[in-house]
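Engineer: Structure provided below as structure tokens; questions to follow.
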Amino acid sequence: MSKRIYCTVTNDLTYDQRMIRICTSLSSAGYTVVLVGRSEAASLPLEPRPFHQKRLRLLFRKGKLFYLEYNFRLFFYLLFRRMDCICAIDLDTIIPGCLVSTLRRIPRVYDAHELFCEMKEVVSRPAIYRIWKSVERSFVPAFHHGYTVNGQIASEFEKMYGMKYEVIRNVPLLQPDPAPPEPSQPSGRFILYQGAVNEGRCFETLIPAMKEVDAQLVICGKGNFMNQARQLVKDHSLEGKVIFTGPLRPEELRRLTRTAWCGITLFENKGMSNFYSLANRFFDYMHAGIPQLAMDYPAYREINNMYTIAVLIDTPDIRQVTGALNSLLNNMELYQTLQGNCKKASIHFNWQEEEKKLVRLYQKIFN
């Protein structure tokens with residue numbers, strides 16, 4: 001009988017490309033995998049996957065009551081399920097994962113997508129920070145097996161807690177070469193931002209910068225900064241030039257990304273999580289064959305030094321954002337060089353390579 005692995009998140013499962021890849025790979029490796037999340041008011045029907053999916057229904061949608069209710073319900077859901085391992089994704093599901101694995105005497109794994117306590121929306125709120133930091137200090141040391149998205153974050157976990165976590169990057173599957181955007185049709189060019197529309201993602205400077213950029217900006221996603229982002233568009237009279245699509249299914253997003261001219265990966269240098277980030281969109285643009293604007297932070301610089309696929313800026317102010325985007329739009333020699341490097345980089349950074357490390361980690365746990 002195959003080993004059963006439960007993975008826990010706080011989203012509604014539809015748009016979580018990293019977890020879809022992880023659970024698919026573990027399922028292909030012979031494990032029975034269950035991905036547990038929550039049901040939201042606007043949740044789309046779940047698509048068939050090679051792993052099991054479960055959404056928990058909640059009364060509360062956000063804030064402290066949401067986290068309390070979700071952790072309570074998740075604990076009792078997991079407690080009465082047959083399983084051989086629990087993987088907690090980030091701090092917001094680590095408590096029930098640790099408690100249930102202790103009671104059931106089964107292995108537990110921590111999947112850290114980021115330095116949770118160092119996100120801007122946490123570190124900028126002292127009371128919230130103290131709560132989550134207490135959770136981190138209490139529970140992360142109990143997870144001897146784990147992985148995260150880059151070497152910088154792995155080094156921080158080792159410094160803080162002595163945990164030597166594996167690095168499993170958040171990269172797409174390597175697919176056949178996509179058709180690049182057609183340079184001879186500048187009227188159809190658009191700039192793409194995909195991902196969470198959250199605090200710390202530089203919309204305060206990106207949106208005003210579009211006044212001096214001759215292209216549309218398409219924003220795909222949702223998040224805690226959505227209302228402010230829409231207001232910025234109105235304040236700067238950019239309706240029609242900045243488009244919000246809302247979140248798209250992974251397949252729809254991949255198709256749209258391939259038609260973009262360039263992508264955006266910006267983070268404020270506020271909170272260690274932003275500074276040490278390595279966003280999945282950085283690799284999504286790479287695999288779509290489109291150059292991008294990104295931050296000159298350690299993880300992006302490291303990859304860009306290997307394969308120059310992005311224009312990096314050190315400060316996400318309006319002047320630098322405008323200059324970089326106009327360079328991507330107007331300097332065809334630069335653009336084509338970056339575009340060619342995307343193909344080379346995608347052969348190096350792809351899920352076919354990363355999943356090998358993932359499968360080896362679980363093989364070690366069960367052997």
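Naming scheme: A, B, ... for chains in displayed order of the structure tokens; residues 1 onward per chain; ligands 1 onward as shown.
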Quick one: residues within 12 Å of Arg249 (chain A), only C-alpha atoms counted, chain neighbours fewer than 6 positions away excluded, as an NGL selection string?

Structural biologist: :A and (12-17 or 20 or 43-47 or 194-195 or 220-221 or 255-256)

Engineer: Need the shell around Met295 (chain A): protein/DNA/RNA residues with any atom at most 8 Å away, counting only C-alpha atoms. Skip same-chain ones fewer than 5 positions apart. Format as a short mmCIF file (atom, residue, chain, number, x, y, z; two decimals) with N, CA and C atoms, in the first residue's frame?

Structural biologist:
```
data_model
loop_
_atom_site.label_atom_id
_atom_site.label_comp_id
_atom_site.auth_asym_id
_atom_site.auth_seq_id
_atom_site.Cartn_x
_atom_site.Cartn_y
_atom_site.Cartn_z
N THR A 265 8.61 41.72 -11.87
CA THR A 265 8.87 41.07 -10.59
C THR A 265 9.50 42.10 -9.66
N LEU A 266 8.66 42.83 -8.94
CA LEU A 266 9.14 43.91 -8.08
C LEU A 266 8.74 43.67 -6.63
N PHE A 267 9.65 44.00 -5.73
CA PHE A 267 9.39 43.93 -4.29
C PHE A 267 10.06 45.12 -3.61
N TYR A 300 17.69 36.99 -7.36
CA TYR A 300 17.52 37.36 -8.77
C TYR A 300 18.87 37.69 -9.41
N ARG A 301 19.73 38.36 -8.67
CA ARG A 301 21.06 38.70 -9.18
C ARG A 301 21.85 37.43 -9.47
N LEU A 312 17.59 44.52 -14.12
CA LEU A 312 17.50 44.63 -12.67
C LEU A 312 17.64 46.08 -12.25
N ILE A 313 16.83 46.49 -11.27
CA ILE A 313 16.95 47.83 -10.69
C ILE A 313 17.15 47.69 -9.19
N ASP A 314 17.89 48.65 -8.60
CA ASP A 314 18.17 48.54 -7.17
C ASP A 314 17.13 49.20 -6.29
N THR A 315 16.38 50.15 -6.84
CA THR A 315 15.32 50.82 -6.10
C THR A 315 14.09 50.92 -6.98
N PRO A 316 12.92 50.48 -6.52
CA PRO A 316 11.74 50.48 -7.38
C PRO A 316 11.01 51.82 -7.39
#
```

Engineer: Find the residues near Asn367 (chain A): any atom within 12 Å, counting only C-alpha atoms, skip ones fewer than 5 places away on the same chain, and give them as a PDB file with N, CA, C and O atoms, in the first residue's frame.

Structural biologist:
```pdb
ATOM      1  N   LYS A   3       2.375   5.000   0.526  1.00  0.00           N
ATOM      2  CA  LYS A   3       2.389   5.942   1.645  1.00  0.00           C
ATOM      3  C   LYS A   3       1.460   7.121   1.331  1.00  0.00           C
ATOM      4  O   LYS A   3       1.405   7.605   0.202  1.00  0.00           O
ATOM      5  N   PRO A 107       6.085  11.155  10.460  1.00  0.00           N
ATOM      6  CA  PRO A 107       6.999  12.234  10.047  1.00  0.00           C
ATOM      7  C   PRO A 107       6.236  13.501   9.644  1.00  0.00           C
ATOM      8  O   PRO A 107       5.086  13.436   9.199  1.00  0.00           O
ATOM      9  N   ARG A 360      13.570  12.611  -3.776  1.00  0.00           N
ATOM     10  CA  ARG A 360      14.640  12.057  -2.926  1.00  0.00           C
ATOM     11  C   ARG A 360      14.405  12.377  -1.462  1.00  0.00           C
ATOM     12  O   ARG A 360      14.659  11.544  -0.590  1.00  0.00           O
ATOM     13  N   LEU A 361      13.920  13.575  -1.172  1.00  0.00           N
ATOM     14  CA  LEU A 361      13.668  13.959   0.219  1.00  0.00           C
ATOM     15  C   LEU A 361      12.654  13.025   0.863  1.00  0.00           C
ATOM     16  O   LEU A 361      12.848  12.546   1.990  1.00  0.00           O
ATOM     17  N   TYR A 362      11.546  12.758   0.153  1.00  0.00           N
ATOM     18  CA  TYR A 362      10.525  11.880   0.733  1.00  0.00           C
ATOM     19  C   TYR A 362      10.988  10.429   0.777  1.00  0.00           C
ATOM     20  O   TYR A 362      10.612   9.679   1.691  1.00  0.00           O
TER      21      TYR A 362
END
```

Engineer: For Phe51 (chain A), which of A:Val218, A:Ile243, A:Ile303, A:Leu35 is the closest residue, counting only C-alpha atoms?

Structural biologist: A:Leu35

Engineer: If we count only C-alpha atoms, what is near Gly97 (chain A) at a cut-off of 7 Å, once residues fewer than 4 positions away on the same chain are taken out, given as a PyMOL selection string?

Structural biologist: chain A and resi 86+88+93+101

Engineer: Got time to write the residues from that selection, N, CA and C atoms, as an mmCIF file, in the first residue's frame?

Structural biologist:
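Output contents, as saved in out_0.cif:
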```cif
data_model
loop_
_atom_site.group_PDB
_atom_site.id
_atom_site.type_symbol
_atom_site.label_atom_id
_atom_site.label_comp_id
_atom_site.auth_asym_id
_atom_site.auth_seq_id
_atom_site.Cartn_x
_atom_site.Cartn_y
_atom_site.Cartn_z
ATOM 1 N N ILE A 86 2.815 14.354 7.171
ATOM 2 C CA ILE A 86 2.139 15.642 6.985
ATOM 3 C C ILE A 86 3.160 16.661 6.510
ATOM 4 N N ALA A 88 3.371 20.666 6.146
ATOM 5 C CA ALA A 88 2.760 21.967 6.431
ATOM 6 C C ALA A 88 3.403 23.018 5.543
ATOM 7 N N THR A 93 -0.184 26.975 8.567
ATOM 8 C CA THR A 93 -0.737 25.626 8.807
ATOM 9 C C THR A 93 0.211 24.761 9.641
ATOM 10 N N SER A 101 0.968 15.310 13.762
ATOM 11 C CA SER A 101 2.082 14.390 13.521
ATOM 12 C C SER A 101 2.672 13.881 14.827
#
```

Engineer: Could you go through region 56-208 of chain A and tell me which residues DSSP, when run on the backbone, assigns to helix (DSSP H, G or I), listing them as an MDAnalysis selection string?

Structural biologist: chainID A and resid 63:79 91:104 116:118 120:123 126:142 151:161 186:188 203:208

Engineer: Please return, as a ChimeraX atom specification, all residues of region 47-209 of chain A that DSSP assigns to strand (DSSP E or B) on the basis of the backbone.

Structural biologist: /A:52-56,85-89,108-112,145-148,166-167,190-194

Engineer: Would you mind exporting N, CA, C and O atoms of the selected residues as an mmCIF file, in the first residue's frame?

Structural biologist:
```
data_model
loop_
_atom_site.group_PDB
_atom_site.id
_atom_site.type_symbol
_atom_site.label_atom_id
_atom_site.label_comp_id
_atom_site.auth_asym_id
_atom_site.auth_seq_id
_atom_site.Cartn_x
_atom_site.Cartn_y
_atom_site.Cartn_z
ATOM 1 N N HIS A 52 -5.546 13.805 -4.577
ATOM 2 C CA HIS A 52 -6.826 14.150 -3.960
ATOM 3 C C HIS A 52 -6.805 15.603 -3.487
ATOM 4 O O HIS A 52 -5.765 16.135 -3.095
ATOM 5 N N GLN A 53 -7.987 16.240 -3.520
ATOM 6 C CA GLN A 53 -8.115 17.623 -3.089
ATOM 7 C C GLN A 53 -9.282 17.747 -2.119
ATOM 8 O O GLN A 53 -10.342 17.154 -2.334
ATOM 9 N N LYS A 54 -9.068 18.535 -1.068
ATOM 10 C CA LYS A 54 -10.111 18.725 -0.063
ATOM 11 C C LYS A 54 -10.153 20.191 0.351
ATOM 12 O O LYS A 54 -9.128 20.771 0.702
ATOM 13 N N ARG A 55 -11.335 20.778 0.276
ATOM 14 C CA ARG A 55 -11.543 22.139 0.756
ATOM 15 C C ARG A 55 -12.373 22.113 2.030
ATOM 16 O O ARG A 55 -13.431 21.479 2.074
ATOM 17 N N LEU A 56 -11.890 22.810 3.047
ATOM 18 C CA LEU A 56 -12.642 22.938 4.291
ATOM 19 C C LEU A 56 -13.511 24.189 4.225
ATOM 20 O O LEU A 56 -13.061 25.254 3.792
ATOM 21 N N CYS A 85 2.479 10.834 6.595
ATOM 22 C CA CYS A 85 3.324 12.029 6.685
ATOM 23 C C CYS A 85 2.453 13.263 6.487
ATOM 24 O O CYS A 85 1.467 13.227 5.733
ATOM 25 N N ILE A 86 2.815 14.354 7.171
ATOM 26 C CA ILE A 86 2.139 15.642 6.985
ATOM 27 C C ILE A 86 3.160 16.661 6.510
ATOM 28 O O ILE A 86 4.247 16.780 7.080
ATOM 29 N N CYS A 87 2.797 17.411 5.478
ATOM 30 C CA CYS A 87 3.624 18.529 5.011
ATOM 31 C C CYS A 87 2.861 19.826 5.241
ATOM 32 O O CYS A 87 1.811 20.055 4.624
ATOM 33 N N ALA A 88 3.371 20.666 6.146
ATOM 34 C CA ALA A 88 2.760 21.967 6.431
ATOM 35 C C ALA A 88 3.403 23.018 5.543
ATOM 36 O O ALA A 88 4.628 23.156 5.522
ATOM 37 N N ILE A 89 2.578 23.748 4.817
ATOM 38 C CA ILE A 89 3.088 24.787 3.939
ATOM 39 C C ILE A 89 2.957 26.126 4.658
ATOM 40 O O ILE A 89 1.845 26.597 4.932
ATOM 41 N N ARG A 108 6.910 14.627 9.787
ATOM 42 C CA ARG A 108 6.351 15.910 9.356
ATOM 43 C C ARG A 108 7.398 16.667 8.550
ATOM 44 O O ARG A 108 8.595 16.550 8.798
ATOM 45 N N VAL A 109 6.919 17.452 7.589
ATOM 46 C CA VAL A 109 7.786 18.206 6.680
ATOM 47 C C VAL A 109 7.300 19.643 6.659
ATOM 48 O O VAL A 109 6.085 19.900 6.656
ATOM 49 N N TYR A 110 8.246 20.582 6.632
ATOM 50 C CA TYR A 110 7.891 22.006 6.530
ATOM 51 C C TYR A 110 8.294 22.520 5.154
ATOM 52 O O TYR A 110 9.455 22.404 4.756
ATOM 53 N N ASP A 111 7.338 23.077 4.429
ATOM 54 C CA ASP A 111 7.574 23.678 3.112
ATOM 55 C C ASP A 111 7.436 25.191 3.280
ATOM 56 O O ASP A 111 6.327 25.716 3.393
ATOM 57 N N ALA A 112 8.564 25.898 3.322
ATOM 58 C CA ALA A 112 8.565 27.345 3.538
ATOM 59 C C ALA A 112 8.642 28.063 2.204
ATOM 60 O O ALA A 112 9.698 28.100 1.571
ATOM 61 N N HIS A 145 12.628 17.849 8.859
ATOM 62 C CA HIS A 145 12.613 17.711 7.405
ATOM 63 C C HIS A 145 11.935 18.948 6.823
ATOM 64 O O HIS A 145 10.883 19.370 7.301
ATOM 65 N N GLY A 146 12.543 19.517 5.781
ATOM 66 C CA GLY A 146 11.917 20.685 5.179
ATOM 67 C C GLY A 146 12.622 21.133 3.922
ATOM 68 O O GLY A 146 13.708 20.664 3.586
ATOM 69 N N TYR A 147 11.997 22.060 3.235
ATOM 70 C CA TYR A 147 12.585 22.643 2.030
ATOM 71 C C TYR A 147 11.997 24.027 1.822
ATOM 72 O O TYR A 147 10.943 24.379 2.357
ATOM 73 N N THR A 148 12.718 24.827 1.043
ATOM 74 C CA THR A 148 12.281 26.182 0.741
ATOM 75 C C THR A 148 12.701 26.533 -0.681
ATOM 76 O O THR A 148 13.226 25.676 -1.397
ATOM 77 N N GLU A 166 16.328 21.649 2.419
ATOM 78 C CA GLU A 166 16.627 21.486 0.996
ATOM 79 C C GLU A 166 16.115 22.710 0.229
ATOM 80 O O GLU A 166 15.167 23.375 0.657
ATOM 81 N N VAL A 167 16.752 23.015 -0.893
ATOM 82 C CA VAL A 167 16.274 24.078 -1.777
ATOM 83 C C VAL A 167 15.559 23.429 -2.964
ATOM 84 O O VAL A 167 16.162 22.665 -3.718
ATOM 85 N N PHE A 190 1.978 44.333 -24.427
ATOM 86 C CA PHE A 190 1.543 44.693 -23.078
ATOM 87 C C PHE A 190 2.533 44.135 -22.062
ATOM 88 O O PHE A 190 3.253 43.175 -22.330
ATOM 89 N N ILE A 191 2.564 44.777 -20.923
ATOM 90 C CA ILE A 191 3.431 44.395 -19.803
ATOM 91 C C ILE A 191 2.584 43.617 -18.811
ATOM 92 O O ILE A 191 1.445 43.996 -18.523
ATOM 93 N N LEU A 192 3.122 42.539 -18.282
ATOM 94 C CA LEU A 192 2.339 41.642 -17.424
ATOM 95 C C LEU A 192 2.866 41.609 -16.009
ATOM 96 O O LEU A 192 4.073 41.453 -15.787
ATOM 97 N N TYR A 193 1.945 41.757 -15.040
ATOM 98 C CA TYR A 193 2.239 41.402 -13.653
ATOM 99 C C TYR A 193 1.325 40.245 -13.302
ATOM 100 O O TYR A 193 0.100 40.353 -13.417
ATOM 101 N N GLN A 194 1.899 39.138 -12.853
ATOM 102 C CA GLN A 194 1.096 38.017 -12.379
ATOM 103 C C GLN A 194 1.496 37.684 -10.954
ATOM 104 O O GLN A 194 2.664 37.755 -10.583
#
```

Engineer: Record the distance separating CA of Glu302 (chain A) and CA of Ala288 (chain A), expressed in Å with one decimal.

Structural biologist: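 Interatomic distance, CA of Glu302 (chain A) to CA of Ala288 (chain A): 20.0 Å.
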
Engineer: Fewer than 6 positions away in the same chain doesn't count, so skip those; otherwise give me all residues within 12 Å of Gln352 (chain A), counting only C-alpha atoms, as a list in words.

Structural biologist: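 Result of the neighbour search: Arg21, Ile22, Thr24, Ser25, Ile168, Arg169, Asn170, Val171, Pro172, Leu173, Leu174, Gln175, Ser346, Leu358 and Val359 of chain A.
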
Engineer: Find, counting only C-alpha atoms, the residue in A:Ile95, A:Pro176, A:Pro141, A:Glu40 that gets nearest to Met163 (chain A).

Structural biologist: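 Going through A:Ile95, A:Pro176, A:Pro141, A:Glu40 one by one, the smallest distance to Met163 (chain A) is for A:Pro141.
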
Engineer: Between CA of Val197 (chain A) and CA of Asn224 (chain A), what is the distance in Å, rounded to a tenth?

Structural biologist: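 These two atoms are separated by 6.5 Å.
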
Engineer: For Phe275 (chain A), work out the shell of residues within 12 Å, counting only C-alpha atoms and skipping chain neighbours fewer than 4 positions away, then give it as a list in words.

Structural biologist: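 Here the qualifying residues turn out to be Glu114, Leu115, Glu118, Met119, Lys120, Asn150, Gln152, Ile153, Gly200, Arg201, Leu266, Phe267, Glu268, Asn269, Lys270, Gly271, Ala279, Ala294, Met295, Asp296, Tyr297, Pro298, Ala299, Tyr300, Arg301, Asp314 and Thr315 of chain A.
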
Engineer: Take the residues that were just selected and, keeping N, CA and C atoms, output them as an mmCIF file, in the first residue's frame.

Structural biologist:
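result34.cif was written with the following content:
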```cif
data_model
loop_
_atom_site.group_PDB
_atom_site.id
_atom_site.type_symbol
_atom_site.label_atom_id
_atom_site.label_comp_id
_atom_site.auth_asym_id
_atom_site.auth_seq_id
_atom_site.Cartn_x
_atom_site.Cartn_y
_atom_site.Cartn_z
ATOM 1 N N GLU A 114 8.383 31.171 1.898
ATOM 2 C CA GLU A 114 8.990 32.476 2.152
ATOM 3 C C GLU A 114 9.393 32.554 3.619
ATOM 4 N N LEU A 115 10.027 33.650 3.988
ATOM 5 C CA LEU A 115 10.259 33.950 5.403
ATOM 6 C C LEU A 115 8.993 34.632 5.906
ATOM 7 N N GLU A 118 8.822 37.743 8.005
ATOM 8 C CA GLU A 118 9.490 38.918 7.448
ATOM 9 C C GLU A 118 8.740 39.511 6.257
ATOM 10 N N MET A 119 7.534 39.033 5.982
ATOM 11 C CA MET A 119 6.716 39.669 4.955
ATOM 12 C C MET A 119 6.301 41.055 5.438
ATOM 13 N N LYS A 120 6.169 41.998 4.517
ATOM 14 C CA LYS A 120 5.858 43.368 4.910
ATOM 15 C C LYS A 120 4.576 43.449 5.726
ATOM 16 N N ASN A 150 14.807 28.999 -2.085
ATOM 17 C CA ASN A 150 16.132 29.424 -2.540
ATOM 18 C C ASN A 150 17.152 29.299 -1.416
ATOM 19 N N GLN A 152 19.144 31.525 -0.102
ATOM 20 C CA GLN A 152 19.175 32.604 0.880
ATOM 21 C C GLN A 152 18.217 32.338 2.040
ATOM 22 N N ILE A 153 17.011 31.892 1.719
ATOM 23 C CA ILE A 153 16.043 31.587 2.782
ATOM 24 C C ILE A 153 16.485 30.352 3.554
ATOM 25 N N GLY A 200 3.766 45.710 -0.564
ATOM 26 C CA GLY A 200 5.182 45.456 -0.784
ATOM 27 C C GLY A 200 5.554 45.040 -2.186
ATOM 28 N N ARG A 201 4.578 45.030 -3.120
ATOM 29 C CA ARG A 201 4.860 44.619 -4.505
ATOM 30 C C ARG A 201 5.048 45.823 -5.438
ATOM 31 N N LEU A 266 8.664 42.834 -8.944
ATOM 32 C CA LEU A 266 9.137 43.913 -8.084
ATOM 33 C C LEU A 266 8.741 43.670 -6.631
ATOM 34 N N PHE A 267 9.648 43.998 -5.729
ATOM 35 C CA PHE A 267 9.394 43.927 -4.294
ATOM 36 C C PHE A 267 10.058 45.116 -3.615
ATOM 37 N N GLU A 268 9.361 45.722 -2.657
ATOM 38 C CA GLU A 268 10.008 46.723 -1.818
ATOM 39 C C GLU A 268 11.041 46.039 -0.928
ATOM 40 N N ASN A 269 12.107 46.766 -0.600
ATOM 41 C CA ASN A 269 13.100 46.241 0.334
ATOM 42 C C ASN A 269 12.654 46.553 1.761
ATOM 43 N N LYS A 270 11.507 46.018 2.122
ATOM 44 C CA LYS A 270 10.940 46.195 3.462
ATOM 45 C C LYS A 270 10.540 44.816 3.963
ATOM 46 N N GLY A 271 11.334 44.268 4.839
ATOM 47 C CA GLY A 271 11.116 42.900 5.286
ATOM 48 C C GLY A 271 12.074 41.959 4.587
ATOM 49 N N ALA A 279 10.479 34.816 -6.543
ATOM 50 C CA ALA A 279 9.079 34.607 -6.895
ATOM 51 C C ALA A 279 8.914 33.631 -8.043
ATOM 52 N N ALA A 294 13.056 43.201 -12.889
ATOM 53 C CA ALA A 294 13.121 42.572 -11.571
ATOM 54 C C ALA A 294 14.048 43.375 -10.664
ATOM 55 N N MET A 295 14.068 42.981 -9.400
ATOM 56 C CA MET A 295 14.884 43.679 -8.411
ATOM 57 C C MET A 295 16.298 43.116 -8.357
ATOM 58 N N ASP A 296 17.236 43.986 -8.076
ATOM 59 C CA ASP A 296 18.631 43.568 -7.926
ATOM 60 C C ASP A 296 18.861 43.078 -6.498
ATOM 61 N N TYR A 297 18.109 42.025 -6.132
ATOM 62 C CA TYR A 297 18.234 41.379 -4.825
ATOM 63 C C TYR A 297 18.991 40.062 -5.014
ATOM 64 N N PRO A 298 19.506 39.471 -3.932
ATOM 65 C CA PRO A 298 20.465 38.355 -4.069
ATOM 66 C C PRO A 298 20.026 37.206 -4.973
ATOM 67 N N ALA A 299 18.815 36.686 -4.797
ATOM 68 C CA ALA A 299 18.412 35.498 -5.562
ATOM 69 C C ALA A 299 18.248 35.812 -7.048
ATOM 70 N N TYR A 300 17.688 36.986 -7.362
ATOM 71 C CA TYR A 300 17.517 37.360 -8.768
ATOM 72 C C TYR A 300 18.871 37.685 -9.412
ATOM 73 N N ARG A 301 19.726 38.363 -8.667
ATOM 74 C CA ARG A 301 21.059 38.696 -9.183
ATOM 75 C C ARG A 301 21.854 37.429 -9.470
ATOM 76 N N ASP A 314 17.890 48.654 -8.599
ATOM 77 C CA ASP A 314 18.175 48.535 -7.166
ATOM 78 C C ASP A 314 17.130 49.197 -6.292
ATOM 79 N N THR A 315 16.384 50.148 -6.845
ATOM 80 C CA THR A 315 15.321 50.820 -6.098
ATOM 81 C C THR A 315 14.088 50.925 -6.983
#
```

Engineer: If you count only C-alpha atoms, which residues fall within 12 Å of Gly223 (chain A), apart from same-chain ones fewer than 4 positions away, as a ChimeraX atom specification?

Structural biologist: /A:11,62,121,194-201,203,219,227-230,244,246-247

Engineer: Pick out the closest residue to Ala215 (chain A) from this set: A:Val135, A:Cys262, A:Leu248, A:Leu68. Count only C-alpha atoms.

Structural biologist: A:Cys262

Engineer: Enter the distance from CA of Gly37 (chain A) to CA of Cys7 (chain A), in Å, rounded to one decimal.

Structural biologist: 8.7 Å

Engineer: Any chance you could tabulate, as a Markdown table, the residues of region 182-296 of chain A at most 9 Å from region 323-335 of chain A with each one's nearest atom pair and distance in Å to one decimal, using only C-alpha atoms, in chain and rising number order?

Structural biologist:
```
| residue | atom | partner | partner_atom | distance |
| --- | --- | --- | --- | --- |
| A:Pro183 | CA | A:Met332 | CA | 8.5 |
| A:Pro186 | CA | A:Leu329 | CA | 8.6 |
| A:Arg189 | CA | A:Leu329 | CA | 8.6 |
| A:Ile191 | CA | A:Leu325 | CA | 8.6 |
| A:Met210 | CA | A:Leu325 | CA | 9.0 |
| A:Glu212 | CA | A:Asn326 | CA | 8.4 |
| A:Val213 | CA | A:Asn326 | CA | 6.2 |
| A:Asp214 | CA | A:Asn326 | CA | 7.8 |
| A:Ala215 | CA | A:Leu329 | CA | 8.3 |
| A:Trp261 | CA | A:Leu329 | CA | 7.8 |
| A:Cys262 | CA | A:Leu328 | CA | 7.4 |
| A:Ile290 | CA | A:Tyr335 | CA | 8.7 |
| A:Pro291 | CA | A:Tyr335 | CA | 6.8 |
| A:Gln292 | CA | A:Leu328 | CA | 7.9 |
| A:Leu293 | CA | A:Ala324 | CA | 6.8 |
```
